[in-house]
$ cat upload.cif   # mmCIF, C-alpha atoms (C1' of nucleotides)
data_data
loop_
_atom_site.label_atom_id
_atom_site.label_comp_id
_atom_site.auth_asym_id
_atom_site.auth_seq_id
_atom_site.Cartn_x
_atom_site.Cartn_y
_atom_site.Cartn_z
CA MET A 1229 43.76 -2.97 -52.07
CA ALA A 1230 43.12 -5.39 -54.90
CA GLY A 1231 42.29 -8.92 -53.74
CA MET A 1232 41.80 -9.10 -49.94
CA SER A 1233 38.11 -9.61 -49.88
CA LEU A 1234 37.00 -11.28 -46.69
CA GLU A 1235 35.90 -7.73 -45.88
CA HIS A 1236 33.79 -7.64 -49.00
CA ALA A 1237 32.25 -11.05 -48.43
CA ILE A 1238 31.27 -9.83 -44.95
CA LEU A 1239 29.82 -6.62 -46.35
CA VAL A 1240 27.64 -8.58 -48.80
CA SER A 1241 26.49 -10.94 -46.08
CA LEU A 1242 25.65 -8.11 -43.65
CA LEU A 1243 23.81 -6.18 -46.36
CA GLU A 1244 21.72 -9.28 -47.02
CA GLN A 1245 21.04 -9.51 -43.27
CA PRO A 1246 22.74 -7.91 -40.21
CA ALA A 1247 24.30 -10.48 -37.89
CA SER A 1248 26.62 -11.12 -34.95
CA GLY A 1249 30.16 -12.39 -35.47
CA TYR A 1250 29.02 -15.80 -34.41
CA GLU A 1251 26.12 -15.84 -36.88
CA LEU A 1252 28.48 -14.68 -39.62
CA ALA A 1253 30.83 -17.54 -38.80
CA ARG A 1254 27.96 -19.98 -39.22
CA ARG A 1255 27.02 -18.43 -42.56
CA PHE A 1256 30.63 -18.93 -43.62
CA ASP A 1257 30.13 -22.60 -42.84
CA ARG A 1258 26.99 -22.69 -45.00
CA SER A 1259 25.73 -20.41 -47.76
CA ILE A 1260 28.57 -17.90 -48.07
CA GLY A 1261 31.04 -20.70 -47.39
CA ARG A 1262 30.17 -22.11 -50.80
CA PHE A 1263 32.39 -19.44 -52.33
CA TRP A 1264 34.38 -17.94 -49.49
CA THR A 1265 35.60 -19.67 -46.35
CA ALA A 1266 36.51 -18.01 -43.05
CA THR A 1267 36.85 -19.00 -39.41
CA HIS A 1268 35.41 -17.09 -36.49
CA GLN A 1269 38.87 -15.83 -35.51
CA GLN A 1270 39.33 -14.19 -38.88
CA ILE A 1271 35.83 -12.75 -38.77
CA TYR A 1272 36.26 -11.14 -35.34
CA ARG A 1273 39.59 -9.65 -36.35
CA VAL A 1274 38.28 -8.27 -39.63
CA LEU A 1275 35.10 -6.90 -38.03
CA LYS A 1276 37.26 -4.90 -35.63
CA ARG A 1277 39.26 -3.45 -38.50
CA MET A 1278 36.08 -2.70 -40.42
CA GLU A 1279 34.61 -0.97 -37.39
CA SER A 1280 37.66 1.28 -37.05
CA ASP A 1281 37.37 2.06 -40.81
CA ASP A 1282 33.70 2.90 -40.21
CA TRP A 1283 32.43 0.26 -42.63
CA VAL A 1284 30.22 -1.42 -40.01
CA THR A 1285 28.58 -0.54 -36.67
CA ALA A 1286 27.50 -2.79 -33.84
CA GLU A 1287 24.34 -2.72 -31.80
CA GLU A 1288 24.38 -4.59 -28.47
CA VAL A 1289 21.40 -6.91 -28.25
CA GLY A 1290 20.43 -8.70 -25.03
CA GLN A 1291 18.82 -12.12 -25.31
CA ASP A 1292 17.15 -14.14 -22.60
CA GLY A 1293 18.70 -17.47 -21.85
CA LEU A 1294 21.59 -16.62 -24.18
CA PRO A 1295 24.65 -14.34 -23.98
CA ASP A 1296 24.38 -10.80 -25.30
CA LYS A 1297 25.54 -10.31 -28.85
CA LYS A 1298 26.78 -7.48 -31.07
CA VAL A 1299 24.68 -7.22 -34.20
CA TRP A 1300 26.70 -5.70 -37.02
CA SER A 1301 25.29 -3.56 -39.85
CA VAL A 1302 26.91 -1.91 -42.85
CA THR A 1303 27.34 1.87 -42.73
CA PRO A 1304 27.00 4.11 -45.81
CA GLY A 1305 30.81 4.21 -45.87
CA GLY A 1306 30.94 0.42 -45.96
CA ARG A 1307 28.41 0.31 -48.73
CA SER A 1308 30.37 2.72 -50.88
CA ALA A 1309 33.57 0.76 -50.20
CA LEU A 1310 31.75 -2.34 -51.46
CA VAL A 1311 30.59 -0.58 -54.63
CA THR A 1312 34.13 0.62 -55.34
CA TRP A 1313 35.41 -2.93 -55.00
CA LEU A 1314 32.58 -4.39 -57.09
CA ARG A 1315 33.58 -2.18 -60.00
CA ALA A 1316 37.27 -3.13 -59.88
CA PRO A 1317 38.59 -5.95 -62.09
CA VAL A 1318 38.28 -9.52 -60.84
CA GLN A 1319 41.62 -11.00 -59.76
CA PRO A 1320 42.61 -14.34 -61.31
CA GLU A 1321 41.84 -17.18 -58.91
CA ALA A 1322 44.75 -18.87 -57.16
CA VAL A 1323 44.36 -22.59 -57.76
CA ARG A 1324 45.20 -25.10 -55.00
CA HIS A 1325 44.05 -28.56 -55.87
CA GLU A 1326 45.68 -31.01 -53.51
CA LEU A 1327 43.99 -34.06 -55.00
CA ALA A 1328 45.44 -33.30 -58.44
CA VAL A 1329 48.94 -33.22 -56.91
CA LYS A 1330 48.29 -36.59 -55.29
CA ILE A 1331 47.02 -38.10 -58.53
CA ARG A 1332 50.13 -37.10 -60.42
CA GLY A 1333 52.20 -38.18 -57.44
CA ALA A 1334 50.63 -41.65 -57.56
CA ALA A 1335 52.89 -42.39 -60.53
CA PHE A 1336 55.74 -42.54 -57.97
CA ASP A 1337 53.98 -44.88 -55.55
CA ASP A 1338 53.35 -48.61 -55.88
CA PRO A 1339 50.03 -50.46 -56.48
CA ASP A 1340 49.40 -50.51 -52.73
CA GLY A 1341 49.66 -46.74 -52.64
CA ARG A 1342 47.42 -46.39 -55.67
CA ALA A 1343 44.85 -48.66 -54.02
CA ALA A 1344 44.91 -46.37 -50.97
CA LEU A 1345 44.45 -43.34 -53.20
CA LEU A 1346 41.54 -45.02 -54.95
CA ALA A 1347 39.81 -45.55 -51.62
CA GLU A 1348 40.49 -41.95 -50.68
CA VAL A 1349 39.02 -40.72 -53.98
CA GLU A 1350 35.90 -42.77 -53.29
CA ARG A 1351 35.55 -41.13 -49.89
CA TYR A 1352 36.16 -37.70 -51.41
CA ARG A 1353 33.53 -38.44 -54.04
CA ALA A 1354 30.97 -39.29 -51.35
CA ASP A 1355 31.64 -35.91 -49.71
CA HIS A 1356 30.97 -34.10 -52.97
CA GLU A 1357 27.84 -36.14 -53.58
CA ALA A 1358 26.56 -35.00 -50.17
CA THR A 1359 27.47 -31.40 -50.96
CA LEU A 1360 25.55 -31.59 -54.24
CA ALA A 1361 22.53 -33.07 -52.48
CA GLY A 1362 22.66 -30.19 -49.99
CA TYR A 1363 22.81 -27.60 -52.77
CA LEU A 1364 19.88 -29.19 -54.58
CA ALA A 1365 17.84 -29.27 -51.37
CA GLY A 1366 18.69 -25.61 -50.79
CA GLU A 1367 17.64 -24.78 -54.33
CA ARG A 1368 14.25 -26.47 -53.92
CA ARG A 1369 13.77 -24.72 -50.58
CA ASP A 1370 14.93 -21.21 -51.47
CA PHE A 1371 14.14 -20.96 -55.17
CA PRO A 1372 11.00 -23.02 -55.80
CA ASP A 1373 9.60 -20.56 -58.32
CA PRO A 1374 11.86 -20.25 -61.38
CA ALA A 1375 10.56 -16.80 -62.42
CA ALA A 1376 9.15 -13.71 -60.74
CA ARG A 1377 11.99 -12.85 -58.39
CA ASP A 1378 13.89 -9.75 -57.42
CA ALA A 1379 17.49 -9.02 -58.33
CA ARG A 1380 18.87 -10.30 -55.05
CA ALA A 1381 17.23 -13.72 -55.38
CA SER A 1382 18.20 -14.03 -59.06
CA LEU A 1383 21.83 -13.32 -58.24
CA GLN A 1384 21.87 -15.64 -55.25
CA HIS A 1385 20.33 -18.34 -57.42
CA VAL A 1386 22.84 -18.01 -60.26
CA VAL A 1387 25.69 -18.34 -57.74
CA LEU A 1388 24.05 -21.46 -56.32
CA ARG A 1389 23.66 -22.86 -59.84
CA GLY A 1390 27.42 -22.33 -60.19
CA GLY A 1391 27.99 -24.45 -57.10
CA ILE A 1392 25.71 -27.15 -58.45
CA ALA A 1393 27.46 -27.15 -61.84
CA TYR A 1394 30.83 -27.33 -60.08
CA GLU A 1395 29.83 -30.32 -57.95
CA ARG A 1396 28.38 -32.19 -60.93
CA MET A 1397 31.57 -31.57 -62.89
CA VAL A 1398 33.69 -32.79 -59.96
CA LEU A 1399 31.64 -35.98 -59.63
CA ASP A 1400 32.00 -36.76 -63.34
CA TRP A 1401 35.72 -36.10 -63.19
CA LEU A 1402 36.16 -38.27 -60.09
CA ASP A 1403 34.49 -41.13 -61.98
CA ASP A 1404 37.06 -40.58 -64.71
CA VAL A 1405 39.84 -40.62 -62.08
CA LEU A 1406 38.52 -43.84 -60.52
CA ALA A 1407 38.31 -45.53 -63.92
CA THR A 1408 41.87 -44.42 -64.70
CA LEU A 1409 43.24 -45.71 -61.39
CA ARG A 1410 41.45 -49.04 -61.93
CA THR A 1411 42.96 -49.34 -65.39
CA LEU A 1412 46.45 -49.05 -63.90
CA ASP A 1413 45.87 -51.81 -61.32
CA PRO A 1414 43.04 -53.89 -62.78
CA ASP A 1415 42.56 -56.43 -60.01
CA GLY A 1416 42.33 -53.77 -57.32
CA LYS A 1417 44.39 -55.92 -54.98
CA ALA A 1418 47.67 -55.29 -53.29
CA ARG A 1419 50.71 -56.86 -54.91
CA PRO A 1420 54.02 -57.74 -53.26
CA MET B 1207 51.89 -31.49 -41.20
CA ALA B 1208 48.52 -31.98 -42.87
CA GLY B 1209 47.90 -29.60 -45.77
CA MET B 1210 50.99 -27.49 -46.59
CA SER B 1211 51.85 -29.05 -49.86
CA LEU B 1212 53.94 -26.73 -51.97
CA GLU B 1213 56.70 -29.11 -50.86
CA HIS B 1214 54.78 -32.05 -52.26
CA ALA B 1215 53.96 -30.35 -55.54
CA ILE B 1216 57.69 -29.65 -55.91
CA LEU B 1217 58.57 -33.27 -55.11
CA VAL B 1218 56.16 -34.51 -57.80
CA SER B 1219 57.53 -32.06 -60.34
CA LEU B 1220 61.17 -32.92 -59.57
CA LEU B 1221 60.42 -36.65 -59.72
CA GLU B 1222 58.88 -36.13 -63.15
CA GLN B 1223 62.03 -34.21 -64.16
CA PRO B 1224 64.86 -32.64 -62.11
CA ALA B 1225 65.05 -28.86 -62.54
CA SER B 1226 66.51 -25.58 -61.29
CA GLY B 1227 64.47 -23.24 -59.12
CA TYR B 1228 63.94 -21.05 -62.14
CA GLU B 1229 62.67 -23.93 -64.28
CA LEU B 1230 60.38 -24.99 -61.44
CA ALA B 1231 58.96 -21.49 -61.27
CA ARG B 1232 58.17 -21.65 -64.99
CA ARG B 1233 56.45 -25.01 -64.53
CA PHE B 1234 54.35 -23.42 -61.81
CA ASP B 1235 53.28 -20.90 -64.43
CA ARG B 1236 52.33 -23.69 -66.81
CA SER B 1237 51.54 -27.37 -66.27
CA ILE B 1238 51.80 -27.67 -62.48
CA GLY B 1239 50.26 -24.20 -62.16
CA ARG B 1240 46.99 -25.68 -63.39
CA PHE B 1241 46.47 -27.11 -59.92
CA TRP B 1242 49.03 -25.43 -57.70
CA THR B 1243 50.38 -21.90 -57.99
CA ALA B 1244 53.68 -20.62 -56.57
CA THR B 1245 56.06 -17.76 -57.19
CA HIS B 1246 59.83 -18.08 -57.54
CA GLN B 1247 60.30 -16.50 -54.08
CA GLN B 1248 58.26 -19.20 -52.42
CA ILE B 1249 60.01 -21.89 -54.43
CA TYR B 1250 63.53 -20.77 -53.46
CA ARG B 1251 62.55 -20.52 -49.80
CA VAL B 1252 60.92 -23.95 -49.78
CA LEU B 1253 63.78 -25.60 -51.72
CA LYS B 1254 66.17 -24.42 -49.02
CA ARG B 1255 64.02 -25.91 -46.30
CA MET B 1256 63.68 -29.14 -48.27
CA GLU B 1257 67.45 -29.29 -48.70
CA SER B 1258 68.00 -28.95 -44.95
CA ASP B 1259 65.39 -31.73 -44.42
CA ASP B 1260 67.31 -33.85 -46.95
CA TRP B 1261 64.35 -34.18 -49.30
CA VAL B 1262 66.26 -32.77 -52.29
CA THR B 1263 69.87 -32.30 -53.40
CA ALA B 1264 71.39 -29.82 -55.83
CA GLU B 1265 73.94 -30.38 -58.53
CA GLU B 1266 75.73 -27.29 -59.88
CA VAL B 1267 75.57 -27.25 -63.66
CA GLY B 1268 77.57 -24.82 -65.79
CA GLN B 1269 76.06 -23.64 -69.05
CA ASP B 1270 77.76 -21.70 -71.86
CA GLY B 1271 76.28 -18.31 -72.59
CA LEU B 1272 74.01 -18.65 -69.54
CA PRO B 1273 74.49 -18.40 -65.76
CA ASP B 1274 75.23 -21.55 -63.80
CA LYS B 1275 72.25 -23.24 -62.26
CA LYS B 1276 71.51 -25.63 -59.41
CA VAL B 1277 69.63 -28.66 -60.67
CA TRP B 1278 67.53 -30.18 -57.90
CA SER B 1279 66.67 -33.87 -57.56
CA VAL B 1280 64.60 -35.78 -55.03
CA THR B 1281 66.49 -37.90 -52.49
CA PRO B 1282 65.21 -41.26 -51.17
CA GLY B 1283 64.15 -39.37 -48.04
CA GLY B 1284 62.12 -36.95 -50.15
CA ARG B 1285 60.50 -39.76 -52.02
CA SER B 1286 59.43 -41.52 -48.84
CA ALA B 1287 58.10 -38.22 -47.46
CA LEU B 1288 56.03 -37.90 -50.62
CA VAL B 1289 54.66 -41.43 -50.29
CA THR B 1290 53.69 -40.78 -46.66
CA TRP B 1291 51.82 -37.67 -47.71
CA LEU B 1292 50.16 -39.40 -50.68
CA ARG B 1293 48.63 -41.97 -48.35
CA ALA B 1294 47.22 -39.38 -45.93
CA PRO B 1295 43.62 -38.16 -46.31
CA VAL B 1296 42.92 -35.34 -48.75
CA GLN B 1297 42.12 -32.06 -47.00
CA PRO B 1298 38.89 -30.30 -48.00
CA GLU B 1299 39.59 -27.52 -50.47
CA ALA B 1300 39.39 -23.92 -49.23
CA VAL B 1301 37.07 -22.13 -51.65
CA ARG B 1302 37.80 -18.51 -52.62
CA HIS B 1303 35.62 -17.39 -55.47
CA GLU B 1304 35.84 -13.63 -55.73
CA LEU B 1305 33.53 -13.41 -58.73
CA ALA B 1306 30.73 -15.15 -56.83
CA VAL B 1307 31.05 -12.55 -54.05
CA LYS B 1308 30.81 -9.78 -56.64
CA ILE B 1309 27.76 -11.33 -58.28
CA ARG B 1310 25.87 -11.49 -55.01
CA GLY B 1311 27.16 -8.02 -54.16
CA ALA B 1312 25.73 -6.67 -57.43
CA ALA B 1313 22.30 -6.76 -55.74
CA PHE B 1314 23.51 -3.75 -53.74
CA ASP B 1315 24.77 -1.76 -56.71
CA ASP B 1316 22.76 0.11 -59.34
CA PRO B 1317 22.25 -0.75 -63.06
CA ASP B 1318 25.45 1.13 -63.91
CA GLY B 1319 27.38 -1.08 -61.55
CA ARG B 1320 25.74 -4.20 -62.92
CA ALA B 1321 26.61 -3.09 -66.45
CA ALA B 1322 30.25 -2.75 -65.35
CA LEU B 1323 30.14 -6.22 -63.81
CA LEU B 1324 28.66 -7.64 -66.99
CA ALA B 1325 31.57 -6.25 -69.00
CA GLU B 1326 34.00 -7.66 -66.45
CA VAL B 1327 32.37 -11.10 -66.66
CA GLU B 1328 32.74 -10.99 -70.43
CA ARG B 1329 36.45 -10.25 -70.05
CA TYR B 1330 36.80 -12.99 -67.47
CA ARG B 1331 35.01 -15.39 -69.82
CA ALA B 1332 37.47 -14.60 -72.61
CA ASP B 1333 40.36 -15.47 -70.24
CA HIS B 1334 38.83 -18.84 -69.48
CA GLU B 1335 38.16 -19.49 -73.15
CA ALA B 1336 41.86 -18.91 -73.82
CA THR B 1337 42.81 -21.20 -70.94
CA LEU B 1338 40.59 -23.95 -72.33
CA ALA B 1339 42.11 -23.55 -75.79
CA GLY B 1340 45.58 -23.87 -74.23
CA TYR B 1341 44.59 -27.06 -72.39
CA LEU B 1342 43.12 -28.59 -75.54
CA ALA B 1343 46.25 -27.74 -77.51
CA GLY B 1344 48.36 -29.31 -74.76
CA GLU B 1345 46.19 -32.40 -74.82
CA ARG B 1346 46.59 -32.84 -78.59
CA ARG B 1347 50.35 -32.27 -78.25
CA ASP B 1348 51.08 -34.45 -75.20
CA PHE B 1349 48.41 -37.15 -75.39
CA PRO B 1350 47.71 -37.81 -79.08
CA ASP B 1351 47.29 -41.53 -78.56
CA PRO B 1352 44.33 -42.35 -76.31
CA ALA B 1353 45.58 -45.81 -75.28
CA ALA B 1354 48.89 -47.59 -74.77
CA ARG B 1355 50.50 -45.32 -72.20
CA ASP B 1356 52.34 -45.76 -68.96
CA ALA B 1357 50.98 -44.88 -65.51
CA ARG B 1358 52.62 -41.48 -65.43
CA ALA B 1359 51.09 -40.31 -68.69
CA SER B 1360 47.66 -41.73 -67.79
CA LEU B 1361 47.67 -39.85 -64.50
CA GLN B 1362 48.91 -36.62 -66.05
CA HIS B 1363 46.21 -36.94 -68.68
CA VAL B 1364 43.36 -37.48 -66.22
CA VAL B 1365 44.47 -34.38 -64.30
CA LEU B 1366 44.49 -32.40 -67.55
CA ARG B 1367 41.00 -33.71 -68.38
CA GLY B 1368 39.95 -32.34 -65.00
CA GLY B 1369 41.24 -28.91 -66.00
CA ILE B 1370 39.38 -29.14 -69.31
CA ALA B 1371 36.13 -30.18 -67.60
CA TYR B 1372 36.53 -27.34 -65.13
CA GLU B 1373 37.02 -24.72 -67.83
CA ARG B 1374 34.03 -25.98 -69.83
CA MET B 1375 31.87 -25.87 -66.72
CA VAL B 1376 33.04 -22.33 -65.95
CA LEU B 1377 32.25 -21.15 -69.49
CA ASP B 1378 28.74 -22.60 -69.33
CA TRP B 1379 28.16 -21.04 -65.94
CA LEU B 1380 29.44 -17.64 -67.08
CA ASP B 1381 26.92 -17.76 -69.93
CA ASP B 1382 24.25 -18.38 -67.30
CA VAL B 1383 25.59 -15.41 -65.27
CA LEU B 1384 25.58 -13.13 -68.33
CA ALA B 1385 22.01 -14.11 -69.19
CA THR B 1386 20.94 -13.47 -65.59
CA LEU B 1387 22.59 -10.04 -65.48
CA ARG B 1388 20.94 -9.13 -68.81
CA THR B 1389 17.55 -10.17 -67.45
CA LEU B 1390 17.95 -7.73 -64.55
CA ASP B 1391 18.78 -4.77 -66.82
CA PRO B 1392 17.33 -5.75 -70.20
CA ASP B 1393 18.41 -2.73 -72.24
CA GLY B 1394 22.00 -2.98 -71.15
CA LYS B 1395 22.20 0.79 -70.83
CA ALA B 1396 22.88 3.00 -67.88
CA ARG B 1397 19.86 4.55 -66.20
CA PRO B 1398 19.77 7.71 -64.11
"C1'" DG C 933 27.27 -34.89 -15.19
"C1'" DG C 934 28.69 -34.29 -19.98
"C1'" DA C 935 27.95 -32.74 -24.56
"C1'" DT C 936 26.44 -29.27 -27.47
"C1'" DG C 937 25.29 -24.62 -28.83
"C1'" DC C 938 25.80 -19.60 -28.21
"C1'" DA C 939 29.06 -15.94 -27.89
"C1'" DT C 940 33.66 -13.63 -28.06
"C1'" DG C 941 38.12 -13.32 -28.06
"C1'" DT C 942 44.11 -13.82 -27.80
"C1'" DA C 943 48.61 -15.72 -29.26
"C1'" DA C 944 51.91 -18.17 -32.06
"C1'" DT C 945 53.34 -19.66 -36.21
"C1'" DG C 946 53.68 -20.12 -40.94
"C1'" DC C 947 52.50 -19.30 -45.57
"C1'" DG C 948 51.92 -16.13 -49.44
"C1'" DT C 949 52.50 -11.72 -51.74
"C1'" DT C 950 54.89 -7.68 -53.02
"C1'" DA C 951 58.72 -5.04 -53.44
"C1'" DC C 952 63.44 -4.76 -53.80
"C1'" DA C 953 67.97 -6.36 -55.58
"C1'" DT C 954 71.70 -8.14 -58.72
"C1'" DG C 955 73.93 -9.57 -62.93
"C1'" DA C 956 74.87 -11.81 -67.46
"C1'" DT C 957 73.37 -12.78 -72.33
"C1'" DT C 958 70.62 -12.61 -76.48
"C1'" DG C 959 67.76 -10.43 -79.95
"C1'" DG C 960 65.63 -6.57 -82.13
"C1'" DC D 812 70.49 0.80 -76.44
"C1'" DC D 813 66.49 -1.42 -74.62
"C1'" DA D 814 63.77 -5.29 -73.60
"C1'" DA D 815 63.37 -9.92 -72.58
"C1'" DT D 816 65.17 -14.19 -70.76
"C1'" DC D 817 67.95 -16.81 -67.61
"C1'" DA D 818 69.19 -17.22 -62.83
"C1'" DT D 819 69.03 -16.46 -57.77
"C1'" DG D 820 67.99 -14.44 -53.92
"C1'" DT D 821 66.41 -10.92 -49.34
"C1'" DA D 822 63.06 -8.23 -46.61
"C1'" DA D 823 58.67 -6.60 -45.02
"C1'" DC D 824 54.10 -7.21 -44.34
"C1'" DG D 825 49.75 -9.24 -43.93
"C1'" DC D 826 46.62 -12.86 -44.01
"C1'" DA D 827 45.24 -17.57 -42.57
"C1'" DT D 828 45.45 -21.45 -39.55
"C1'" DT D 829 45.79 -23.65 -35.23
"C1'" DA D 830 45.72 -23.84 -30.56
"C1'" DC D 831 44.33 -21.91 -26.45
"C1'" DA D 832 40.89 -19.57 -23.50
"C1'" DT D 833 36.45 -18.29 -21.09
"C1'" DG D 834 31.67 -18.62 -19.66
"C1'" DC D 835 26.68 -19.42 -19.59
"C1'" DA D 836 22.47 -22.19 -20.98
"C1'" DT D 837 20.11 -26.12 -22.53
"C1'" DC D 838 19.29 -30.93 -23.52
"C1'" DC D 839 19.94 -35.81 -22.71
#

$ encode --input "upload.cif" --output "structure tokens"
Amino acid sequence: MAGMSLEHAILVSLLEQPASGYELARRFDRSIGRFWTATHQQIYRVLKRMESDDWVTAEEVGQDGLPDKKVWSVTPGGRSALVTWLRAPVQPEAVRHELAVKIRGAAFDDPDGRAALLAEVERYRADHEATLAGYLAGERRDFPDPAARDARASLQHVVLRGGIAYERMVLDWLDDVLATLRTLDPDGKARP
Amino acid sequence: MAGMSLEHAILVSLLEQPASGYELARRFDRSIGRFWTATHQQIYRVLKRMESDDWVTAEEVGQDGLPDKKVWSVTPGGRSALVTWLRAPVQPEAVRHELAVKIRGAAFDDPDGRAALLAEVERYRADHEATLAGYLAGERRDFPDPAARDARASLQHVVLRGGIAYERMVLDWLDDVLATLRTLDPDGKARP
DNA sequence: GGATGCATGTAATGCGTTACATGATTGG
DNA sequence: CCAATCATGTAACGCATTACATGCATCC
């Protein structure tokens, strides 16, 4: 009852805008995916469970030139389930930072291995730079006016600012990591 | 074969210092737990699998006034498995940020609900402030001298600096969240 | 003709969490 | 005497990941 909140992420997304399972899956690759990831298989499974709990209902919509789809909406029961969850304490986050394990593990590899890790960190850094650029573009597009917004937009924006702050922090830290790795093997070349 | 790295976190920890399952579990509540969490049940299960893969070996150690323990060490096979994994690409992190879901969900609750969330964010912020204080104390204790260290200490320190940067970023962002929530309901009181 | 996008699923496996279970010693 | 610490496990359940599977429409 406590954590398990793919359901709740779906409820928030469907309250913002009803959608098919497929559209939800795409949102979980984009905006919602910034703070909660899910694949389409999970989404279809959870939607079924939510339907049997009467949290969501589907409306069949025909499209021309495209397959029919089921557009899901939140029921009053789903909305009250969301409110109950919103008012429960936040669970501590489970941390899984693979790169940090590899960095500490690099102490048990040789300079060749550390050179490989350095290259991998550079690639990883480029990914995060692209993510930051995407967030900033989204911010300019969706929140051009800093004031005069409703609650929904203000809350969406503060979550996006969290993503931006996270990415900036990661980039700074990765620079620190790169500098540290270079200090260990100054020439940056493989040694026998 | 790709992600699944509780094994690898255990290998790093045992290479830094051999330990019993129980001691490992405590490390996963402290230093290693900063970037990889695990319970003792997981650890015992995984140690068994690692033993049958010949990645670790146990030595029975008797203690007086305390139960015997099995002290685990990494075998050459385990070390080479670690090196193989270290040189593989880093998997993208799976993001699960429950608080962000709740913040966006707060658009669908009333001022009472947002007041409850605000109180919860304040509690959450206090937790992160305590975590940061713990990291800073650990840094002063374990890394008093900024230069003249070996590779292992340098790498442990840069990972710890990552934790510190993360906590500072979170605290700043939570202040932003609190200010945003207060803007939505300026009086901070429940309304009918 | 092949790739990509839209749309929805099933099945197998494995990882993580929670609950249950035992038993000795030390300190208040 | 009760709680906490040290020490090691089993069992059940559920969630997540990966692979497999289908089928139509559009664009190059």

$ atom_distance --input "upload.cif" --atom1 "atom CA of A:Leu1383" --atom2 "atom CA of B:Glu1304"
14.2 Å

$ residues_around --input "upload.cif" --residues "stretch 1365-1381 of chain A" --least-positions-apart "3" --cutoff "7 Å" --atoms "only C-alpha atoms (C1' of nucleotides)" --output "list in words"
Ala1361, Gly1362, Gln1384 and His1385 of chain A; Ala1313 and Leu1390 of chain B

$ resolve_selection --input "upload.cif" --expression "the PyMOL selection byres ((chain B) within 7 of (chain C))" --output "list in words"
Gly1271, Leu1272 and Pro1273 of chain B

$ interface_residues --input "upload.cif" --of "chain D" --to "chain A" --cutoff "12 Å" --atoms "only C-alpha atoms (C1' of nucleotides)" --output "list in words"
DG825, DC826, DA827, DT828, DT829, DA830, DG834, DC835, DA836 and DT837 of chain D

$ interface_residues --input "upload.cif" --of "chain A" --to "chain B" --cutoff "8 Å" --atoms "all atoms listed in the file" --output "PyMOL selection string"
chain A and resi 1233+1236-1237+1240+1243+1261-1265+1310-1311+1314-1315+1317-1319+1321-1337+1341+1344-1345+1348+1352+1379-1380+1382-1384+1386-1387+1389-1390+1393-1394+1397+1401+1404-1405+1408-1409+1412

$ write_last_selection --input "upload.cif" --atoms "C-alpha atoms" --output "short mmCIF file (atom, residue, chain, number, x, y, z; two decimals), keeping the file's coordinate frame"
data_model
loop_
_atom_site.label_atom_id
_atom_site.label_comp_id
_atom_site.auth_asym_id
_atom_site.auth_seq_id
_atom_site.Cartn_x
_atom_site.Cartn_y
_atom_site.Cartn_z
CA SER A 1233 38.11 -9.61 -49.88
CA HIS A 1236 33.79 -7.64 -49.00
CA ALA A 1237 32.25 -11.05 -48.43
CA VAL A 1240 27.64 -8.58 -48.80
CA LEU A 1243 23.81 -6.18 -46.36
CA GLY A 1261 31.04 -20.70 -47.39
CA ARG A 1262 30.17 -22.11 -50.80
CA PHE A 1263 32.39 -19.44 -52.33
CA TRP A 1264 34.38 -17.94 -49.49
CA THR A 1265 35.60 -19.67 -46.35
CA LEU A 1310 31.75 -2.34 -51.46
CA VAL A 1311 30.59 -0.58 -54.63
CA LEU A 1314 32.58 -4.39 -57.09
CA ARG A 1315 33.58 -2.18 -60.00
CA PRO A 1317 38.59 -5.95 -62.09
CA VAL A 1318 38.28 -9.52 -60.84
CA GLN A 1319 41.62 -11.00 -59.76
CA GLU A 1321 41.84 -17.18 -58.91
CA ALA A 1322 44.75 -18.87 -57.16
CA VAL A 1323 44.36 -22.59 -57.76
CA ARG A 1324 45.20 -25.10 -55.00
CA HIS A 1325 44.05 -28.56 -55.87
CA GLU A 1326 45.68 -31.01 -53.51
CA LEU A 1327 43.99 -34.06 -55.00
CA ALA A 1328 45.44 -33.30 -58.44
CA VAL A 1329 48.94 -33.22 -56.91
CA LYS A 1330 48.29 -36.59 -55.29
CA ILE A 1331 47.02 -38.10 -58.53
CA ARG A 1332 50.13 -37.10 -60.42
CA GLY A 1333 52.20 -38.18 -57.44
CA ALA A 1334 50.63 -41.65 -57.56
CA ALA A 1335 52.89 -42.39 -60.53
CA PHE A 1336 55.74 -42.54 -57.97
CA ASP A 1337 53.98 -44.88 -55.55
CA GLY A 1341 49.66 -46.74 -52.64
CA ALA A 1344 44.91 -46.37 -50.97
CA LEU A 1345 44.45 -43.34 -53.20
CA GLU A 1348 40.49 -41.95 -50.68
CA TYR A 1352 36.16 -37.70 -51.41
CA ALA A 1379 17.49 -9.02 -58.33
CA ARG A 1380 18.87 -10.30 -55.05
CA SER A 1382 18.20 -14.03 -59.06
CA LEU A 1383 21.83 -13.32 -58.24
CA GLN A 1384 21.87 -15.64 -55.25
CA VAL A 1386 22.84 -18.01 -60.26
CA VAL A 1387 25.69 -18.34 -57.74
CA ARG A 1389 23.66 -22.86 -59.84
CA GLY A 1390 27.42 -22.33 -60.19
CA ALA A 1393 27.46 -27.15 -61.84
CA TYR A 1394 30.83 -27.33 -60.08
CA MET A 1397 31.57 -31.57 -62.89
CA TRP A 1401 35.72 -36.10 -63.19
CA ASP A 1404 37.06 -40.58 -64.71
CA VAL A 1405 39.84 -40.62 -62.08
CA THR A 1408 41.87 -44.42 -64.70
CA LEU A 1409 43.24 -45.71 -61.39
CA LEU A 1412 46.45 -49.05 -63.90
#

$ axis_aligned_box --input "upload.cif" --around "stretch 1376-1381 of chain B" --padding-each-side "3 Å" --output "lines of an AutoDock Vina configuration file"
center_x = 30.0
center_y = -20.1
center_z = -67.9
size_x = 12.1
size_y = 11.0
size_z = 10.0
